[in-house]
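Here is the structure we will look at, set down as C-alpha cells.
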Amino acid sequence: MQPFDCLTENDKEIVRQWCINYGNAEPQSIEKILATWNKNKRTLFRAFGRKLQISFPIHQKVNSSYRHSKWRNLYSPFIIYDKNDLQNFKYDPRNHIFINDLVEWMRDDLIDILPVSMLKGILEYTKYCYVETGKTNDDKCFAGGAKGKVLKIPKGTKIMRAIRKVLEYYSFPHMDSFNEWRDDISVINTDKEINAELVLSINPVDFITMSDNRSGWTSCMSWIDNGAYSTGTIEMLNSNVAVVAYLRNPQSFTYNDLDIPNKSWRTLVFVHKDILLVGKHYPYQSEALAKIVLDKVREIVKNTVGWKYHYHNQLYRDMIRSYDNNYVRDKDYFQRLNDGHKIYVYTNIMYHDIIEDHSTDYWCCRNKVKKNLYLNLSGPATCMCCGEPIDKDFTNNFSTSIKYCKDCCDKYYCRGCGLVSVEHFKHKIIFKEKVYGEVYTHYGHPDCIIDNFLWDSKDGYCVAKNRLYDVDKTRYKPLTRERLLFNEVCGSV
Ligand SMILES: [Zn+2]
Ligand SMILES: [Zn+2]
C-alpha cells in the first residue's frame, strides 16, 4: 500500500478545488500532481503505521490566546468604506456563515436602498469584542425598514439585542444563521477546557490548507490569500521530513460542501531519525503543545520504525547565529565552521522561520550526530497542473506564491481568468491587443476574454482562423454579447 491509496474521494476533491480556485492551476490528474508526494512521503508513511493522519484527544485549560483566536473568527472582518467594498464582496469560506449571509444580503438587497452610513452602522455592532456582554457606546438611528418607522437604538443597549433589532427591522432573511452565531459566541465564553483533537498529518489536504481555516488566522502560506510564500506549502507537501501538526477545531470549515479540517493551532514538525524538530506555531506559541507533539511523535516512531532520541524536549539552538537562509544552503560555508556535531536545517524558497525568527522558541528531540548534519526540510515545489518540478528561477523571478511551472504557464495560461488549464485550453482564442502601436498577443478562454478583458481594450483586434476581428467597443458589443462572434472560433485556433 502506498500513501496515495489512502486518499479518500473527499481528499482528492478538496485538492482539486483548492488548486483550481486558489492555486490557479487545474490538475491534469490528482495522481500526477501528487506523484512526488507519494514517493517522498513513503518513509513517513511507514513511520505513521501506514496512515496519513494520527489523531488523539487532548485536554487543556483555556487560556486567553486560545479564546482570542476563536473570537477573531466571529467578528466581522469586513469593513465598508464605500459601496464598492460591498459590491466586490466575495463569499469567503473562512467567515462565519452569519457574516457571509449578512454581507451578501447587504450587497444584494440593501445596497440600492440604504446610504453607506447606514450599511456601516449595521455591520459595526458585529465588530464589538465582547459582543455578548457588551453594550452600545452611542445612540444610533436606522431608517428605511419595512414598517416605515425609524428604529432608535439608544446608547447602553446590549450588543446582541441591538443586532437582533436591526436585523428584524430590515427583515433579514437568515435569522437562523444569526442564532447560530450567537450560540457559537456563547460557547466560547463558557469554555473552560479545550477538549480538542490533536492531529499529526501527512495528508496533502492538510499541507495545502495549512494556513487556511475558519479559526480567525492566516499566514504567508495561505492559498486563499495567495500568501507571499505559499509555494512553500508544496515544498512541505513533497518534503520527506515534514508533518503538519494541528488542533482540530470542532467547528466545521466547509467549502462547496467539502469538509476541511479546521485548524485552530498549527505547526510543522520535522521528523528525521536524528532529530524531531517543531517549527513556529500559528496563531500563538504554546510550549505545552509543542512538547505534547514531540512526546507523541517520539512514541509513534519508536513503535513503528524503531527511531530513538537520546535528548528529549530541548530547545533547538543550532541556528541561533544564522540569519539568512541563503547562507545556510551553502554547505561549504557551514563546513568551514569547525563545530562537528550540529544539525543545520534549511529550506528551498520557503520562508524559513527557524532562521529568520529568533524570538520564537523551537523545541526538539535529538541524537548526537557524528558529524554536522545538513538537513533540507523542503522537497521540490511541483506544478499543480502537470506535476513536474517548478524551476527555481521561475519562482525567484516571478513569484514565491506560484503553483504551476513555466512550461504550463507558457502553454495554458488564460489572460482573462488567470487559470492554467489544459482542459479549458481546448477552447482557446488568440487575442491581439494594440497598445501605442505595439501589438501584444494573449491567449484565453473565449468567455474569460469577453468577460474580463475585451471591453477594457479601446484599440485592439482579435485573430482567429486567420481572420481579423476588431474589438472596437461600440462596433462589436451587440455581437459579442450574444456570443456570435466568439462561438465561431471556439476550439479551432
Ligand atoms: Zn506544469
Ligand atoms: Zn479563462
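If you're wondering about the labels, chains in the C-alpha cells are A, B, ... by order shown, residues count from 1 in each chain, ligands from 1 in order shown.
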
Name the residues in contact with Arg366 of chain A at a cut-off of 9 Å, using only C-alpha atoms, excluding same-chain residues fewer than 4 positions from it; report them as a list in words. Lys273, Asp274, Ile275, Leu276, Leu277, Lys308, Tyr309, His310, Tyr311, His312, Asn313 and Gln314 of chain A

Pull N, CA and C atoms from the residues just selected and write them as a PDB file, in the first residue's frame.
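The file below, out35.pdb, is the result:
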ATOM      1  N   LYS A 273      15.473  10.610  11.572  1.00  0.00           N
ATOM      2  CA  LYS A 273      15.929   9.629  12.568  1.00  0.00           C
ATOM      3  C   LYS A 273      16.845  10.235  13.629  1.00  0.00           C
ATOM      4  N   ASP A 274      17.487  11.386  13.323  1.00  0.00           N
ATOM      5  CA  ASP A 274      18.351  12.003  14.323  1.00  0.00           C
ATOM      6  C   ASP A 274      17.768  13.257  14.974  1.00  0.00           C
ATOM      7  N   ILE A 275      16.633  13.728  14.481  1.00  0.00           N
ATOM      8  CA  ILE A 275      16.028  14.901  15.125  1.00  0.00           C
ATOM      9  C   ILE A 275      14.520  14.947  14.881  1.00  0.00           C
ATOM     10  N   LEU A 276      13.790  15.357  15.905  1.00  0.00           N
ATOM     11  CA  LEU A 276      12.377  15.754  15.771  1.00  0.00           C
ATOM     12  C   LEU A 276      12.358  17.232  16.116  1.00  0.00           C
ATOM     13  N   LEU A 277      11.942  18.050  15.174  1.00  0.00           N
ATOM     14  CA  LEU A 277      12.048  19.495  15.378  1.00  0.00           C
ATOM     15  C   LEU A 277      10.712  20.158  15.098  1.00  0.00           C
ATOM     16  N   LYS A 308      15.001   6.229  17.857  1.00  0.00           N
ATOM     17  CA  LYS A 308      15.069   6.672  19.257  1.00  0.00           C
ATOM     18  C   LYS A 308      15.895   7.939  19.350  1.00  0.00           C
ATOM     19  N   TYR A 309      15.605   8.744  20.364  1.00  0.00           N
ATOM     20  CA  TYR A 309      16.306  10.021  20.527  1.00  0.00           C
ATOM     21  C   TYR A 309      16.889  10.081  21.933  1.00  0.00           C
ATOM     22  N   HIS A 310      18.151  10.452  21.979  1.00  0.00           N
ATOM     23  CA  HIS A 310      18.825  10.457  23.265  1.00  0.00           C
ATOM     24  C   HIS A 310      18.390  11.632  24.131  1.00  0.00           C
ATOM     25  N   TYR A 311      18.228  12.813  23.504  1.00  0.00           N
ATOM     26  CA  TYR A 311      17.825  14.010  24.251  1.00  0.00           C
ATOM     27  C   TYR A 311      16.377  14.358  23.948  1.00  0.00           C
ATOM     28  N   HIS A 312      15.597  14.589  25.001  1.00  0.00           N
ATOM     29  CA  HIS A 312      14.154  14.835  24.812  1.00  0.00           C
ATOM     30  C   HIS A 312      13.768  16.285  25.116  1.00  0.00           C
ATOM     31  N   ASN A 313      12.885  16.840  24.273  1.00  0.00           N
ATOM     32  CA  ASN A 313      12.227  18.130  24.536  1.00  0.00           C
ATOM     33  C   ASN A 313      13.188  19.246  24.970  1.00  0.00           C
ATOM     34  N   GLN A 314      14.203  19.434  24.135  1.00  0.00           N
ATOM     35  CA  GLN A 314      15.178  20.505  24.386  1.00  0.00           C
ATOM     36  C   GLN A 314      14.891  21.680  23.479  1.00  0.00           C
TER      37      GLN A 314
END

Counting only C-alpha atoms and all ligand atoms, which residues of chain A fall within 8 Å of ligand 1, and what is the closest atom pair for each with its distance in Å at one decimal, ordered by chain and rising number, as a tab-separated table?
residue	atom	partner	partner_atom_place_in_ligand_line	distance
A:Thr382	CA	ligand 1	1 (Zn)	7.7
A:Cys383	CA	ligand 1	1 (Zn)	4.6
A:Met384	CA	ligand 1	1 (Zn)	6.7
A:Cys385	CA	ligand 1	1 (Zn)	5.0
A:Cys386	CA	ligand 1	1 (Zn)	4.1
A:Gly387	CA	ligand 1	1 (Zn)	5.9
A:Glu388	CA	ligand 1	1 (Zn)	5.6
A:Pro389	CA	ligand 1	1 (Zn)	7.5
A:Ile390	CA	ligand 1	1 (Zn)	7.2
A:Tyr404	CA	ligand 1	1 (Zn)	5.3
A:Cys405	CA	ligand 1	1 (Zn)	4.2
A:Lys406	CA	ligand 1	1 (Zn)	6.7
A:Asp407	CA	ligand 1	1 (Zn)	5.7
A:Cys408	CA	ligand 1	1 (Zn)	4.3
A:Cys409	CA	ligand 1	1 (Zn)	7.2

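Considering only C-alpha atoms and all ligand atoms, every residue of the polymer chains approaching ligand 2 to 9 Å or closer is listed here: Tyr413, Cys414, Arg415, Gly416, Cys417, Gly418, Leu419, Val420, Ser421, His424, Phe425, Lys428, Tyr443, Gly444, His445, Pro446, Asp447, Cys448, Ile449 and Asn452 of chain A.
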
For Arg16 of chain A, which residue out of A:Lys147, A:Thr218, A:Thr267, A:Leu258 is the nearest one, using only C-alpha atoms?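 Answer, going by the shortest atom-to-atom distance: A:Leu258.
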
Pick out the closest residue to Leu377 of chain A from this set: A:Ala25, A:Cys365, A:Val345, A:Ile159. Count only C-alpha atoms. A:Val345

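Among the candidates A:Ile122, A:Met319, A:Ala242, A:Val297, the residue lying nearest to Ala143 of chain A is A:Ile122 (atoms considered: only C-alpha atoms).
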
List every residue of segment 139-219 of chain A that DSSP, applied to the backbone of this structure, places in alpha helix (DSSP H), and write the result as a count of residues only. 32

Leaving out Gly279 of chain A and any residue of its chain fewer than 6 positions from it, which residues lie within 12 Å of it when counting only C-alpha atoms, given as a PyMOL selection string? chain A and resi 242-245+266-271+285-287+289-291+293-294+315-316+345-346+351-358+360-364+377

Convert the current residue selection to file output with C-alpha atoms, as a compact mmCIF listing (two decimals), in the first residue's frame.
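Okay, again-v2.txt is ready:
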# COMPACT_ATOMS: atom_id res chain seq x y z
CA ALA A 242 7.65 17.49 7.10
CA VAL A 243 4.50 16.67 9.06
CA VAL A 244 1.61 19.06 9.80
CA ALA A 245 0.53 19.07 13.44
CA ARG A 266 -0.90 24.63 13.68
CA THR A 267 2.78 23.93 13.40
CA LEU A 268 5.13 21.85 11.25
CA VAL A 269 7.16 19.09 12.83
CA PHE A 270 10.20 17.73 11.02
CA VAL A 271 10.72 14.04 11.59
CA GLN A 285 3.09 29.88 20.61
CA SER A 286 2.49 27.06 23.07
CA GLU A 287 5.38 25.29 24.73
CA LEU A 289 1.52 21.81 22.82
CA ALA A 290 5.00 21.59 21.24
CA LYS A 291 6.02 19.12 23.94
CA VAL A 293 3.58 16.87 19.79
CA LEU A 294 7.16 15.75 20.44
CA LEU A 315 15.40 23.98 22.93
CA TYR A 316 16.90 23.84 19.45
CA VAL A 345 18.30 22.91 8.71
CA TYR A 346 17.39 24.92 5.62
CA TYR A 351 10.29 31.49 4.25
CA HIS A 352 12.33 29.86 6.99
CA ASP A 353 11.09 30.84 10.45
CA ILE A 354 13.79 28.91 12.28
CA ILE A 355 16.45 31.13 10.73
CA GLU A 356 14.55 34.36 10.26
CA ASP A 357 12.70 34.50 13.58
CA HIS A 358 14.91 34.12 16.63
CA THR A 360 10.49 32.20 18.93
CA ASP A 361 11.45 29.07 20.86
CA TYR A 362 11.92 25.90 18.82
CA TRP A 363 11.74 22.57 20.61
CA CYS A 364 13.34 19.28 19.58
CA LEU A 377 13.41 20.49 5.26

Option closest in space to Thr347 of chain A, from A:Arg321, A:Ile234, A:Pro283, A:Phe253 [counting only C-alpha atoms]: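 Distance minimum relative to Thr347 of chain A lands on A:Ile234.
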
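Considering the residues A:Phe78, A:Phe4, A:Tyr22, A:Trp307 and counting only C-alpha atoms, Phe45 of chain A has its shortest atom-to-atom contact with A:Phe4.
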
Please list as a ChimeraX atom specification every residue within 7 Å of Ser239 of chain A, counting only C-alpha atoms and excluding residues in the same chain fewer than 5 positions away. /A:40,377-379

For those residues, write N, CA and C atoms to a file as an mmCIF file, in the first residue's frame.
data_model
loop_
_atom_site.group_PDB
_atom_site.id
_atom_site.type_symbol
_atom_site.label_atom_id
_atom_site.label_comp_id
_atom_site.auth_asym_id
_atom_site.auth_seq_id
_atom_site.Cartn_x
_atom_site.Cartn_y
_atom_site.Cartn_z
ATOM 1 N N ASN A 40 7.945 10.733 -1.951
ATOM 2 C CA ASN A 40 8.796 11.284 -0.887
ATOM 3 C C ASN A 40 8.264 11.046 0.523
ATOM 4 N N LEU A 377 14.776 20.751 4.796
ATOM 5 C CA LEU A 377 13.408 20.491 5.256
ATOM 6 C C LEU A 377 12.420 20.457 4.092
ATOM 7 N N SER A 378 12.849 20.973 2.938
ATOM 8 C CA SER A 378 11.944 21.084 1.784
ATOM 9 C C SER A 378 12.057 19.891 0.861
ATOM 10 N N GLY A 379 10.966 19.617 0.162
ATOM 11 C CA GLY A 379 11.013 18.789 -1.031
ATOM 12 C C GLY A 379 10.925 19.726 -2.219
#

Please provide the set of residues having any atom within 9 Å of Met350 of chain A, restricted to only C-alpha atoms, with same-chain residues fewer than 4 positions apart removed, written as a list in words.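 Near Met350 of chain A, the qualifying residues are Met221, Tyr229, Ser230, Thr231, Gly232, Thr233, Glu235, Met236, Ser378 and Thr400 of chain A.
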